[in-house]
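Asker: Contents are CSV, C-alpha atoms and all ligand atoms; file name run-v9.csv:
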chain,number,residue,atom,x,y,z
J,1,PRO,CA,0.0,0.0,0.0
J,2,PRO,CA,1.1,3.6,-0.5
J,3,VAL,CA,3.0,5.2,2.5
J,4,TYR,CA,0.1,7.4,3.6
J,5,HIS,CA,-2.0,4.2,4.0
J,6,GLN,CA,0.8,2.6,5.9
J,7,ARG,CA,0.9,5.6,8.2
J,8,TYR,CA,-2.8,5.4,9.0
J,9,ASN,CA,-2.5,1.7,9.5
J,10,VAL,CA,0.3,2.2,12.0
J,11,ILE,CA,-1.7,4.9,13.8
J,12,SER,CA,-4.8,2.6,13.9
J,13,ARG,CA,-2.7,-0.1,15.5
J,14,ILE,CA,-1.5,2.4,18.1
J,15,PHE,CA,-5.2,3.2,18.9
J,16,GLU,CA,-6.0,-0.5,19.2
J,17,GLU,CA,-3.0,-1.0,21.5
J,18,LYS,CA,-3.9,2.0,23.6
J,19,LYS,CA,-7.4,0.6,24.1
J,20,LEU,CA,-5.9,-2.4,25.8
J,21,HIS,CA,-3.8,-0.1,28.1
J,22,GLY,CA,-6.0,2.4,29.7
J,23,GLY,CA,-8.4,3.5,27.0
J,24,CYS,CA,-8.5,5.7,24.0
J,25,LYS,CA,-11.6,7.9,24.5
J,26,LYS,CA,-10.5,11.3,23.3
J,27,ILE,CA,-8.3,11.8,20.2
J,28,ILE,CA,-6.9,15.0,18.8
J,29,ASP,CA,-5.7,15.1,15.2
J,30,PHE,CA,-3.5,18.2,14.7
J,31,GLY,CA,-2.9,19.3,11.2
J,32,CYS,CA,-5.9,17.2,10.1
J,33,ALA,CA,-6.0,18.6,6.6
J,34,GLU,CA,-8.6,16.6,4.6
J,35,ILE,CA,-9.7,14.8,7.8
J,36,ALA,CA,-8.8,11.5,6.3
J,37,LEU,CA,-7.8,10.0,9.7
J,38,PHE,CA,-11.5,10.3,10.7
J,39,ASN,CA,-12.4,7.0,9.0
J,40,TYR,CA,-9.9,5.1,11.0
J,41,VAL,CA,-11.0,6.8,14.3
J,42,LYS,CA,-14.7,6.3,13.6
J,43,ASN,CA,-14.3,2.5,13.4
J,44,CYS,CA,-12.2,2.3,16.6
J,45,VAL,CA,-14.5,0.9,19.3
J,46,GLY,CA,-14.3,2.9,22.5
J,47,VAL,CA,-13.4,6.3,21.0
J,48,GLU,CA,-15.9,8.9,22.3
J,49,GLU,CA,-14.4,12.2,21.1
J,50,TYR,CA,-12.5,13.2,18.0
J,51,LEU,CA,-11.1,16.7,17.6
J,52,ALA,CA,-9.8,17.6,14.1
J,53,VAL,CA,-7.7,20.7,14.2
J,54,ASP,CA,-6.0,22.6,11.4
J,55,ILE,CA,-4.9,26.2,10.8
J,56,ASP,CA,-6.4,26.4,7.3
J,57,GLU,CA,-10.0,27.4,7.6
J,58,GLU,CA,-10.8,27.1,3.9
J,59,LEU,CA,-9.5,23.5,3.9
J,60,LEU,CA,-11.6,22.7,6.9
J,61,ASN,CA,-14.7,24.2,5.4
J,62,ARG,CA,-14.2,22.1,2.3
J,63,TYR,CA,-13.6,18.8,4.1
J,64,ALA,CA,-15.8,19.2,7.3
J,65,CYS,CA,-18.6,17.2,5.5
J,66,ARG,CA,-16.4,14.1,5.9
J,67,VAL,CA,-17.4,13.9,9.6
J,68,ASN,CA,-21.1,13.9,8.8
J,69,PRO,CA,-22.9,10.7,9.7
J,70,LEU,CA,-23.7,8.4,6.9
J,71,PRO,CA,-27.1,6.6,6.5
J,72,PHE,CA,-25.4,3.5,7.8
J,73,ASP,CA,-24.7,5.3,11.1
J,74,TYR,CA,-28.5,5.4,11.8
J,75,ILE,CA,-29.4,1.9,11.1
J,76,GLY,CA,-28.8,-1.6,12.3
J,77,THR,CA,-25.2,-2.5,13.1
J,78,GLY,CA,-24.1,1.1,12.6
J,79,ASN,CA,-25.7,2.0,16.0
J,80,ARG,CA,-23.2,2.9,18.7
J,81,CYS,CA,-23.4,1.9,22.3
J,82,CYS,CA,-21.2,4.9,23.4
J,83,PRO,CA,-21.5,8.6,22.6
J,84,PHE,CA,-19.2,9.9,19.8
J,85,ASN,CA,-18.7,13.6,19.6
J,86,VAL,CA,-16.8,15.1,16.8
J,87,GLN,CA,-15.5,18.7,16.5
J,88,VAL,CA,-13.7,20.3,13.6
J,89,LEU,CA,-11.7,23.3,14.9
J,90,CYS,CA,-9.6,26.0,13.2
J,91,GLY,CA,-6.5,26.9,15.2
J,92,SER,CA,-2.8,26.3,15.7
J,93,VAL,CA,-1.2,23.3,17.3
J,94,ALA,CA,1.0,26.0,19.1
J,95,ASP,CA,-2.0,27.5,21.0
J,96,PRO,CA,-3.8,25.9,24.0
J,97,ASP,CA,-7.6,25.7,23.8
J,98,VAL,CA,-9.6,24.4,26.7
J,99,ARG,CA,-11.4,21.9,24.5
J,100,LEU,CA,-8.1,20.0,24.0
J,101,LEU,CA,-7.8,19.2,27.7
J,102,GLY,CA,-8.2,15.6,28.8
J,103,ALA,CA,-7.1,14.0,25.4
J,104,ASP,CA,-5.8,10.5,25.7
J,105,VAL,CA,-4.1,10.5,22.4
J,106,VAL,CA,-2.7,13.4,20.2
J,107,VAL,CA,-1.7,12.6,16.6
J,108,ALA,CA,0.2,14.9,14.3
J,109,ILE,CA,0.7,13.2,10.9
J,110,GLU,CA,3.1,15.0,8.6
J,111,LEU,CA,2.5,18.3,10.5
J,112,ILE,CA,5.8,19.5,12.1
J,113,GLU,CA,7.6,20.0,8.8
J,114,HIS,CA,4.9,22.5,7.8
J,115,LEU,CA,5.4,24.7,10.9
J,116,TYR,CA,7.2,28.0,11.0
J,117,PRO,CA,10.0,28.1,13.6
J,118,GLU,CA,7.8,29.9,16.2
J,119,ALA,CA,5.0,27.4,16.0
J,120,LEU,CA,7.5,24.5,16.2
J,121,GLU,CA,9.0,26.1,19.3
J,122,ASP,CA,5.6,26.6,21.0
J,123,LEU,CA,4.1,23.2,20.1
J,124,PRO,CA,5.8,21.2,22.9
J,125,PHE,CA,4.4,23.4,25.6
J,126,ASN,CA,0.8,23.0,24.3
J,127,ILE,CA,1.1,19.3,23.9
J,128,PHE,CA,3.4,18.2,26.7
J,129,GLY,CA,2.9,21.0,29.1
J,130,VAL,CA,-0.9,21.7,28.8
J,131,ILE,CA,-2.7,18.8,27.1
J,132,GLN,CA,-0.4,16.1,28.6
J,133,PRO,CA,-1.9,13.2,26.6
J,134,ASP,CA,-1.1,9.6,27.5
J,135,LEU,CA,0.3,9.2,24.0
J,136,ALA,CA,1.5,11.7,21.4
J,137,VAL,CA,2.4,10.5,17.9
J,138,PHE,CA,4.3,12.5,15.3
J,139,THR,CA,5.3,11.6,11.8
J,140,THR,CA,7.6,13.5,9.4
J,141,PRO,CA,9.6,12.7,6.3
J,142,ASN,CA,13.0,11.1,6.6
J,143,SER,CA,15.4,13.2,4.5
J,144,ASP,CA,18.0,10.4,4.6
J,145,PHE,CA,15.6,8.6,2.3
J,146,ASN,CA,15.3,11.4,-0.3
J,147,VAL,CA,18.3,10.1,-2.3
J,148,LEU,CA,15.9,7.4,-3.5
J,149,PHE,CA,13.6,10.0,-5.2
J,150,THR,CA,15.8,10.6,-8.2
J,151,ASN,CA,13.8,13.5,-9.6
J,152,LEU,CA,13.5,15.4,-6.3
J,153,ILE,CA,14.7,19.0,-6.3
J,154,GLY,CA,14.5,20.5,-2.8
J,155,PHE,CA,11.9,19.2,-0.4
J,156,ARG,CA,9.1,16.6,-1.0
J,157,HIS,CA,6.5,19.3,-0.8
J,158,ASP,CA,6.5,23.1,-1.5
J,159,ASP,CA,5.1,24.0,1.9
J,160,HIS,CA,7.8,22.0,3.9
J,161,LYS,CA,9.9,24.3,6.0
J,162,PHE,CA,12.4,21.6,6.6
J,163,GLU,CA,12.9,17.8,6.2
J,164,TRP,CA,14.9,16.2,9.0
J,165,SER,CA,17.4,13.3,8.9
J,166,ARG,CA,16.9,10.5,11.3
J,167,ASP,CA,19.6,12.1,13.6
J,168,GLN,CA,17.8,15.4,13.6
J,169,PHE,CA,14.4,13.9,14.4
J,170,ARG,CA,15.9,11.8,17.1
J,171,CYS,CA,17.5,14.8,18.5
J,172,TRP,CA,14.2,16.8,18.6
J,173,ALA,CA,12.5,13.9,20.3
J,174,ASP,CA,15.2,13.4,22.9
J,175,ASN,CA,15.3,17.1,23.6
J,176,LEU,CA,11.5,17.0,24.3
J,177,VAL,CA,11.8,14.2,26.8
J,178,THR,CA,14.6,16.0,28.5
J,179,ARG,CA,12.3,19.1,28.9
J,180,TYR,CA,9.3,17.0,29.8
J,181,PRO,CA,10.8,14.2,31.9
J,182,ASN,CA,7.4,12.6,32.6
J,183,TYR,CA,7.5,11.4,28.9
J,184,GLU,CA,9.5,8.7,27.2
J,185,VAL,CA,9.8,8.3,23.5
J,186,GLU,CA,10.2,5.6,20.8
J,187,VAL,CA,11.4,6.6,17.4
J,188,GLY,CA,11.0,4.4,14.3
J,189,GLY,CA,10.0,4.3,10.6
J,190,VAL,CA,7.0,3.6,8.4
J,191,GLY,CA,7.3,2.7,4.7
J,192,PRO,CA,10.6,0.8,4.0
J,193,GLY,CA,12.4,1.2,0.7
J,194,PRO,CA,13.3,-1.6,-1.7
J,195,PRO,CA,15.8,-4.3,-0.7
J,196,GLY,CA,19.3,-2.9,-0.4
J,197,THR,CA,18.2,0.5,1.0
J,198,GLU,CA,17.8,-0.5,4.6
J,199,HIS,CA,20.7,1.8,5.6
J,200,LEU,CA,18.5,4.8,4.6
J,201,GLY,CA,15.7,3.9,7.0
J,202,CYS,CA,12.0,4.3,6.0
J,203,SER,CA,10.3,7.0,4.0
J,204,THR,CA,8.5,8.3,7.0
J,205,GLN,CA,9.8,8.7,10.6
J,206,ILE,CA,7.5,8.3,13.6
J,207,ALA,CA,8.0,9.3,17.2
J,208,ILE,CA,5.6,8.0,19.9
J,209,PHE,CA,5.7,9.7,23.3
J,210,PHE,CA,4.3,8.0,26.3
J,211,ARG,CA,3.4,9.8,29.6
J,212,LYS,CA,4.9,7.8,32.5
J,213,GLY,CA,3.1,9.2,35.5
J,214,GLY,CA,-0.1,11.2,36.1
J,215,ARG,CA,-0.7,14.7,34.7
J,216,ALA,CA,1.0,17.6,36.3
J,217,ALA,CA,-1.3,20.3,37.8
J,218,LEU,CA,-2.1,23.2,35.4
J,219,ASP,CA,-2.1,25.9,38.0
J,220,ASP,CA,-1.6,29.2,36.2
J,221,ILE,CA,-2.2,28.3,32.7
J,222,LYS,CA,-5.0,30.4,31.0
J,223,CYS,CA,-6.9,28.1,28.8
J,224,GLU,CA,-10.0,29.4,26.9
J,225,GLU,CA,-11.9,28.6,23.8
J,226,ILE,CA,-9.7,30.3,21.2
J,227,TYR,CA,-10.1,27.9,18.3
J,228,LYS,CA,-12.9,28.6,15.8
J,229,LEU,CA,-15.6,25.9,15.7
J,230,ILE,CA,-16.2,24.8,12.2
J,231,ARG,CA,-18.4,21.8,12.8
J,232,LYS,CA,-19.7,19.8,15.7
J,233,ILE,CA,-21.5,16.5,15.4
J,234,GLU,CA,-22.9,14.2,18.0
J,235,TYR,CA,-23.4,10.7,16.8
Z,301,LIG,N1,-2.4,15.0,8.9
Z,301,LIG,C1,-2.8,15.1,7.5
Z,301,LIG,C2,-3.2,13.7,7.0
Z,301,LIG,O1,-3.2,12.8,7.7
Z,301,LIG,O2,-3.5,13.6,5.8
Z,301,LIG,C3,-1.7,15.7,6.6
Z,301,LIG,C4,-1.2,17.0,7.1
Z,301,LIG,S1,-0.8,18.2,5.9
Z,301,LIG,C5,0.6,17.5,5.1
Z,301,LIG,C6,-0.2,19.5,6.9
Z,301,LIG,C7,-1.3,20.3,7.5
Z,301,LIG,O3,-0.8,21.1,8.6
Z,301,LIG,C8,-1.9,21.3,6.5
Z,301,LIG,O4,-3.3,21.0,6.4
Z,301,LIG,C9,-1.7,22.7,7.2
Z,301,LIG,O5,-2.8,23.6,7.0
Z,301,LIG,C10,-1.6,22.3,8.7
Z,301,LIG,N2,-0.9,23.3,9.5
Z,301,LIG,C11,0.1,24.1,9.2
Z,301,LIG,N3,0.5,24.8,10.3
Z,301,LIG,C12,-0.4,24.5,11.3
Z,301,LIG,C13,-0.5,24.9,12.7
Z,301,LIG,N4,0.3,25.8,13.2
Z,301,LIG,N5,-1.5,24.3,13.4
Z,301,LIG,C14,-2.3,23.4,12.9
Z,301,LIG,N6,-2.2,22.9,11.6
Z,301,LIG,C15,-1.2,23.5,10.8
The structure given in the file should be rewritten as structure tokens.
Ligand code: SAM
Answerer:
Amino acid sequence: PPVYHQRYNVISRIFEEKKLHGGCKKIIDFGCAEIALFNYVKNCVGVEEYLAVDIDEELLNRYACRVNPLPFDYIGTGNRCCPFNVQVLCGSVADPDVRLLGADVVVAIELIEHLYPEALEDLPFNIFGVIQPDLAVFTTPNSDFNVLFTNLIGFRHDDHKFEWSRDQFRCWADNLVTRYPNYEVEVGGVGPGPPGTEHLGCSTQIAIFFRKGGRAALDDIKCEEIYKLIRKIEY
């Protein structure tokens, strides 16, 4: 399957695993773009809340219909035994919003390489300092792999602000767990290349952060509703 499918499959497996270890009720999808992850979340038993967040309002308006219930959701086996609340929100991963609190899992698929330096710098505080999910998953391109794209000039996408090597990504992840010592991280790859290219790693890099203890108190953090609500659906 194409690498983007492989990424969603890996993320779905993480949701399934998470269910076995303490539940996976509330999921945030930062940089949700076309809200494609929704189909994988929707079929994951036990998920009660899904927040799709992106900074691009026009994109969200175009794709928000993807979270609408289908006729199947109202009949027969489509019936849910638990509530399922979906919100599509316009805002930045760098800014805290009160609706993000209490998330079990935060996902950011191919997001960080689209961030300007200031947002990249502010993201860790929002995710690891404020939201403090049980799990946070990030994926990003592996620039070591780019030599295999023979026609590539520059980055894989025009909007990428950087593409990191495995060493650079590992360094970013290690630095975060130094700053937020209640987290540990596993770094890996998704989408291997052809035989003989193993030394370049996979096309996509993935980092999974796990919170080790309970959440720290959020004493003097001001957290309001600052994101713009685009759509809210209660299944
Ligand atoms: N996660 C998507 C998926 O699974 O298909 C792909 C992400 S797309 C490559 C990158 C997205 O990040 C874009 O939709 C862009 O608007 C969004 N983005 C850029 N800066 C952002 C920010 N500061 N906060 C939230 N989203 C942002």
Asker: Distance limit 7 Å, reference ligand LIG 301 (chain Z), atoms considered: all atoms listed in the file. Which residues make the cut? Give them as number ranges by chain.
Answerer: J: 30-37, 53-56, 91-94, 108-111, 114-115, 119
Asker: Counting all atoms listed in the file, figure out which residue out of J:Phe210, J:His21, J:Asp220, J:Tyr235 gets nearest to Arg80 of chain J.
Answerer: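 With all atoms listed in the file as the atom set, the closest residue is J:Tyr235.
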Asker: Using only C-alpha atoms, can you tell me which of J:Glu113, J:Asp104, J:Glu225, J:Asp158 comes closest to Cys24 of chain J?
Answerer: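 Using only C-alpha atoms, Cys24 of chain J sits closest to J:Asp104.
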Asker: As an MDAnalysis selection string, please: the residues near segment 2-12 of chain J (cut-off 8 Å, all atoms listed in the file, same-chain neighbours under 2 positions excluded).
Answerer: chainID J and resid 14:16 37 40:41 44 190:191 203:204
Asker: For a quick check of understanding, using only C-alpha atoms, which of J:Val45, J:Leu51, J:Gln87, J:Glu57 has the smallest distance to Arg231 of chain J?
Answerer: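 Once distances to Arg231 of chain J are computed over only C-alpha atoms, the minimum belongs to J:Gln87.
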Asker: Quick one, how far is atom CA of Val47 of chain J from atom CA of Val185 of chain J?
Answerer: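 Atom CA of Val185 of chain J lies at a distance of 23.4 Å from atom CA of Val47 of chain J.
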Asker: Report, in Å with one decimal, the straight-line distance from atom CA of Cys82 of chain J to atom CA of Ile208 of chain J.
Answerer: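 Value for the atom CA of Cys82 of chain J-atom CA of Ile208 of chain J distance: 27.2 Å.
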Asker: Please list as a PyMOL selection string every residue within 10 Å of segment 138-149 of chain J, counting all atoms listed in the file and excluding residues in the same chain fewer than 5 positions away.
Answerer: chain J and resi 7+11+30+106-114+154-156+160+162-169+173+187-190+192-194+197-209
Asker: Restricting the calculation to all atoms listed in the file, which member of J:Glu121, J:Asp73, J:Glu58, J:Asp134 is positioned closest to Lys42 of chain J?
Answerer: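 Of all the options, J:Asp73 lies closest to Lys42 of chain J.
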Asker: Have a look at atom CA of Val88 of chain J and atom CA of Tyr63 of chain J and let me know their distance in Å, one decimal.
Answerer: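 A separation of 9.6 Å between them.
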Asker: Between J:Gly129, J:Asn151, J:Gly196, J:Phe38, which one has atoms that come closest to Asn182 of chain J, using only C-alpha atoms?
Answerer: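 Of all the options, J:Gly129 lies closest to Asn182 of chain J.
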Asker: Please complete segment 193-204 of chain J with all heavy atoms and give it back as a PDB file, in the frame of the given file.
Answerer:
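The result, written out as selection-v5.pdb:
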ATOM      1  N   GLY J 193      12.021   1.141   2.117  1.00  0.00           N
ATOM      2  CA  GLY J 193      12.400   1.200   0.700  1.00  0.00           C
ATOM      3  C   GLY J 193      12.613  -0.176   0.141  1.00  0.00           C
ATOM      4  O   GLY J 193      12.415  -1.177   0.826  1.00  0.00           O
ATOM      5  N   PRO J 194      13.061  -0.254  -1.121  1.00  0.00           N
ATOM      6  CA  PRO J 194      13.300  -1.600  -1.700  1.00  0.00           C
ATOM      7  C   PRO J 194      14.528  -2.259  -1.058  1.00  0.00           C
ATOM      8  O   PRO J 194      15.324  -1.586  -0.389  1.00  0.00           O
ATOM      9  CB  PRO J 194      13.646  -1.213  -3.191  1.00  0.00           C
ATOM     10  CG  PRO J 194      13.869   0.246  -3.235  1.00  0.00           C
ATOM     11  CD  PRO J 194      13.273   0.874  -2.028  1.00  0.00           C
ATOM     12  N   PRO J 195      14.664  -3.579  -1.244  1.00  0.00           N
ATOM     13  CA  PRO J 195      15.800  -4.300  -0.700  1.00  0.00           C
ATOM     14  C   PRO J 195      17.121  -3.611  -1.036  1.00  0.00           C
ATOM     15  O   PRO J 195      17.281  -3.128  -2.164  1.00  0.00           O
ATOM     16  CB  PRO J 195      15.706  -5.694  -1.290  1.00  0.00           C
ATOM     17  CG  PRO J 195      14.280  -5.841  -1.679  1.00  0.00           C
ATOM     18  CD  PRO J 195      13.786  -4.461  -2.015  1.00  0.00           C
ATOM     19  N   GLY J 196      18.030  -3.552  -0.096  1.00  0.00           N
ATOM     20  CA  GLY J 196      19.300  -2.900  -0.400  1.00  0.00           C
ATOM     21  C   GLY J 196      19.382  -1.471   0.087  1.00  0.00           C
ATOM     22  O   GLY J 196      20.436  -0.824   0.015  1.00  0.00           O
ATOM     23  N   THR J 197      18.225  -0.901   0.527  1.00  0.00           N
ATOM     24  CA  THR J 197      18.200   0.500   1.000  1.00  0.00           C
ATOM     25  C   THR J 197      17.967   0.618   2.459  1.00  0.00           C
ATOM     26  O   THR J 197      17.663   1.702   2.953  1.00  0.00           O
ATOM     27  CB  THR J 197      17.128   1.330   0.206  1.00  0.00           C
ATOM     28  OG1 THR J 197      15.838   0.796   0.554  1.00  0.00           O
ATOM     29  CG2 THR J 197      17.300   1.275  -1.292  1.00  0.00           C
ATOM     30  N   GLU J 198      18.119  -0.481   3.167  1.00  0.00           N
ATOM     31  CA  GLU J 198      17.800  -0.500   4.600  1.00  0.00           C
ATOM     32  C   GLU J 198      18.580   0.551   5.376  1.00  0.00           C
ATOM     33  O   GLU J 198      18.088   1.108   6.362  1.00  0.00           O
ATOM     34  CB  GLU J 198      18.064  -1.889   5.213  1.00  0.00           C
ATOM     35  CG  GLU J 198      17.138  -3.002   4.737  1.00  0.00           C
ATOM     36  CD  GLU J 198      17.478  -3.554   3.350  1.00  0.00           C
ATOM     37  OE1 GLU J 198      18.534  -3.159   2.769  1.00  0.00           O
ATOM     38  OE2 GLU J 198      16.691  -4.377   2.838  1.00  0.00           O
ATOM     39  N   HIS J 199      19.804   0.820   4.930  1.00  0.00           N
ATOM     40  CA  HIS J 199      20.700   1.800   5.600  1.00  0.00           C
ATOM     41  C   HIS J 199      20.075   3.210   5.609  1.00  0.00           C
ATOM     42  O   HIS J 199      20.489   4.077   6.370  1.00  0.00           O
ATOM     43  CB  HIS J 199      22.081   1.782   5.071  1.00  0.00           C
ATOM     44  CG  HIS J 199      22.119   2.175   3.614  1.00  0.00           C
ATOM     45  ND1 HIS J 199      21.611   1.355   2.615  1.00  0.00           N
ATOM     46  CD2 HIS J 199      22.570   3.287   3.003  1.00  0.00           C
ATOM     47  CE1 HIS J 199      21.761   1.960   1.448  1.00  0.00           C
ATOM     48  NE2 HIS J 199      22.336   3.147   1.657  1.00  0.00           N
ATOM     49  N   LEU J 200      19.116   3.471   4.700  1.00  0.00           N
ATOM     50  CA  LEU J 200      18.500   4.800   4.600  1.00  0.00           C
ATOM     51  C   LEU J 200      17.308   4.980   5.502  1.00  0.00           C
ATOM     52  O   LEU J 200      16.770   6.073   5.639  1.00  0.00           O
ATOM     53  CB  LEU J 200      18.114   5.103   3.150  1.00  0.00           C
ATOM     54  CG  LEU J 200      19.257   5.085   2.134  1.00  0.00           C
ATOM     55  CD1 LEU J 200      18.711   5.145   0.709  1.00  0.00           C
ATOM     56  CD2 LEU J 200      20.215   6.255   2.384  1.00  0.00           C
ATOM     57  N   GLY J 201      16.869   3.870   6.099  1.00  0.00           N
ATOM     58  CA  GLY J 201      15.700   3.900   7.000  1.00  0.00           C
ATOM     59  C   GLY J 201      14.412   3.899   6.096  1.00  0.00           C
ATOM     60  O   GLY J 201      14.461   3.555   4.917  1.00  0.00           O
ATOM     61  N   CYS J 202      13.304   4.310   6.691  1.00  0.00           N
ATOM     62  CA  CYS J 202      12.000   4.300   6.000  1.00  0.00           C
ATOM     63  C   CYS J 202      11.697   5.668   5.424  1.00  0.00           C
ATOM     64  O   CYS J 202      12.323   6.668   5.781  1.00  0.00           O
ATOM     65  CB  CYS J 202      10.915   3.912   6.985  1.00  0.00           C
ATOM     66  SG  CYS J 202      11.002   2.212   7.515  1.00  0.00           S
ATOM     67  N   SER J 203      10.683   5.735   4.579  1.00  0.00           N
ATOM     68  CA  SER J 203      10.300   7.000   4.000  1.00  0.00           C
ATOM     69  C   SER J 203       9.791   8.004   5.005  1.00  0.00           C
ATOM     70  O   SER J 203      10.075   9.201   4.934  1.00  0.00           O
ATOM     71  CB  SER J 203       9.177   6.706   2.948  1.00  0.00           C
ATOM     72  OG  SER J 203       8.706   7.890   2.387  1.00  0.00           O
ATOM     73  N   THR J 204       9.041   7.488   5.986  1.00  0.00           N
ATOM     74  CA  THR J 204       8.500   8.300   7.000  1.00  0.00           C
ATOM     75  C   THR J 204       9.088   7.985   8.380  1.00  0.00           C
ATOM     76  O   THR J 204       9.349   6.812   8.652  1.00  0.00           O
ATOM     77  CB  THR J 204       6.933   8.060   7.130  1.00  0.00           C
ATOM     78  OG1 THR J 204       6.322   8.442   5.901  1.00  0.00           O
ATOM     79  CG2 THR J 204       6.280   8.836   8.261  1.00  0.00           C
TER      80      THR J 204
END
